[in-house]
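Participant: As input, take upload-v4.cif (mmCIF, C-alpha atoms and all ligand atoms):
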data_input
loop_
_atom_site.label_atom_id
_atom_site.label_comp_id
_atom_site.auth_asym_id
_atom_site.auth_seq_id
_atom_site.Cartn_x
_atom_site.Cartn_y
_atom_site.Cartn_z
CA MET A 1 0.00 0.00 0.00
CA ASN A 2 1.19 3.47 -0.69
CA LEU A 3 0.93 6.29 1.79
CA ALA A 4 -2.25 7.80 0.39
CA ALA A 5 -3.99 4.41 0.55
CA ASP A 6 -2.69 3.91 4.08
CA LEU A 7 -4.17 7.22 5.12
CA GLU A 8 -7.48 6.50 3.46
CA HIS A 9 -7.66 3.16 5.20
CA PHE A 10 -6.83 4.77 8.53
CA GLY A 11 -9.57 7.32 7.87
CA VAL A 12 -12.18 4.69 7.09
CA VAL A 13 -11.33 2.57 10.12
CA HIS A 14 -11.05 5.40 12.63
CA ARG A 15 -13.57 7.92 11.34
CA PRO A 16 -16.28 6.60 13.69
CA HIS A 17 -14.04 7.27 16.70
CA GLY A 18 -14.04 11.02 16.35
CA ARG A 19 -11.76 13.71 15.02
CA PHE A 20 -8.21 13.32 13.81
CA VAL A 21 -5.23 15.43 14.66
CA ALA A 22 -2.42 15.69 12.11
CA ARG A 23 1.07 16.86 12.98
CA VAL A 24 3.99 17.32 10.67
CA GLY A 25 7.62 17.41 11.69
CA ASP A 26 10.36 19.64 10.41
CA ASP A 27 10.76 19.88 6.66
CA THR A 28 13.94 18.25 5.43
CA PRO A 29 15.34 17.80 1.92
CA ASN A 30 14.06 14.22 2.08
CA GLY A 31 10.58 15.03 3.28
CA TYR A 32 8.94 15.28 6.67
CA ARG A 33 7.40 13.11 9.34
CA LEU A 34 3.62 12.94 9.45
CA LYS A 35 1.68 11.86 12.50
CA VAL A 36 -2.07 11.38 12.46
CA SER A 37 -3.73 10.64 15.77
CA CYS A 38 -7.19 9.30 16.45
CA THR A 39 -9.06 9.96 19.66
CA CYS A 40 -9.00 6.20 20.37
CA GLY A 41 -5.25 6.42 20.91
CA VAL A 42 -4.05 4.93 17.64
CA THR A 43 -1.47 6.95 15.77
CA LEU A 44 -0.34 6.54 12.20
CA GLU A 45 3.19 7.74 11.70
CA ARG A 46 4.83 7.87 8.29
CA TRP A 47 7.69 9.52 6.50
CA VAL A 48 6.35 11.69 3.70
CA THR A 49 8.47 12.54 0.69
CA GLN A 50 7.79 15.25 -1.88
CA ASP A 51 6.42 12.59 -4.20
CA ASP A 52 3.67 11.67 -1.78
CA ALA A 53 0.63 13.79 -2.50
CA VAL A 54 -1.11 13.42 0.83
CA ASP A 55 -2.49 16.90 1.45
CA ASP A 56 -5.70 16.28 -0.44
CA VAL A 57 -6.19 12.90 1.21
CA LEU A 58 -5.73 14.43 4.63
CA ARG A 59 -8.13 17.26 3.92
CA GLU A 60 -10.80 15.37 2.03
CA ARG A 61 -10.72 11.95 3.64
CA LEU A 62 -9.65 12.72 7.15
CA GLY A 63 -10.87 16.27 7.46
CA VAL A 64 -7.65 17.58 8.93
CA GLN A 65 -5.26 20.36 8.10
CA PRO A 66 -1.72 19.29 8.96
CA THR A 67 0.05 21.69 11.29
ZN ZN B 101 -9.55 5.26 16.26
#
Would you mind writing the structure in this file as structure tokens?
Ligand SMILES: [Zn+2]
Facilitator:
Amino acid sequence: MNLAADLEHFGVVHRPHGRFVARVGDDTPNGYRLKVSCTCGVTLERWVTQDDAVDDVLRERLGVQPT
């Protein structure tokens, strides 16, 4: 599974639990670390490179704006 599919899956599974919180780490030349937390305590943590187009997935599928 690629990252976008991972995020979508996470969204489908955890959407009923409540809201998500997305955090991004420091930008580096190789990308950044993304952390999406669900209110149930599960966190999805992935390394995101510039090739991963995850912003739309986060906004549209998970309803979060990464900060
Ligand atoms: Zn959950």
Participant: Quick one: residues within 6 Å of (3.2, 18.0, 11.2) (file frame), counting all atoms listed in the file, please, as a ChimeraX atom specification.
Facilitator: /A:23-25,34,66-67
Participant: What are the nearest atom pairs, with distances in Å to one decimal, for all residues of chain A that come at most 12 Å from ligand ZN 101 (chain B), using only C-alpha atoms and all ligand atoms, set out by chain and rising residue number as a Markdown table?
Facilitator:
| residue | atom | partner | partner_atom | distance |
| --- | --- | --- | --- | --- |
| A:His9 | CA | B:ZN101 | ZN | 11.4 |
| A:Phe10 | CA | B:ZN101 | ZN | 8.2 |
| A:Gly11 | CA | B:ZN101 | ZN | 8.6 |
| A:Val12 | CA | B:ZN101 | ZN | 9.6 |
| A:Val13 | CA | B:ZN101 | ZN | 6.9 |
| A:His14 | CA | B:ZN101 | ZN | 3.9 |
| A:Arg15 | CA | B:ZN101 | ZN | 6.9 |
| A:Pro16 | CA | B:ZN101 | ZN | 7.3 |
| A:His17 | CA | B:ZN101 | ZN | 4.9 |
| A:Gly18 | CA | B:ZN101 | ZN | 7.3 |
| A:Arg19 | CA | B:ZN101 | ZN | 8.8 |
| A:Phe20 | CA | B:ZN101 | ZN | 8.5 |
| A:Val21 | CA | B:ZN101 | ZN | 11.2 |
| A:Val36 | CA | B:ZN101 | ZN | 10.4 |
| A:Ser37 | CA | B:ZN101 | ZN | 7.9 |
| A:Cys38 | CA | B:ZN101 | ZN | 4.7 |
| A:Thr39 | CA | B:ZN101 | ZN | 5.8 |
| A:Cys40 | CA | B:ZN101 | ZN | 4.3 |
| A:Gly41 | CA | B:ZN101 | ZN | 6.4 |
| A:Val42 | CA | B:ZN101 | ZN | 5.7 |
| A:Thr43 | CA | B:ZN101 | ZN | 8.3 |
| A:Leu44 | CA | B:ZN101 | ZN | 10.1 |
| A:Leu62 | CA | B:ZN101 | ZN | 11.8 |
Participant: Please indicate the distance in Å from CA of Trp47 in chain A to CA of Thr28 in chain A, rounded to one decimal place.
Facilitator: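 Computing it gives 10.8 Å between the two atoms.
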Participant: Can you work out the spacing between CA of Gly31 in chain A and CA of Asp51 in chain A in Å, to one decimal?
Facilitator: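 Distance between the two atoms: 8.9 Å.
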Participant: One decimal, Å: what's the distance from CA of Thr49 in chain A over to CA of Arg33 in chain A, could you say?
Facilitator: 8.7 Å
Participant: Within 9 Å of (3.9, 9.2, 4.4) in the file's own coordinates, which protein, DNA or RNA residues have an atom, counting only C-alpha atoms? List them as a PyMOL selection string.
Facilitator: chain A and resi 2-4+6-7+31-35+45-49+52-54
Participant: May I have the residues within 8 Å of Arg61 in chain A as a PyMOL selection string, using all atoms listed in the file and disregarding those fewer than 4 positions away in the same chain?
Facilitator: chain A and resi 8+11+56-57
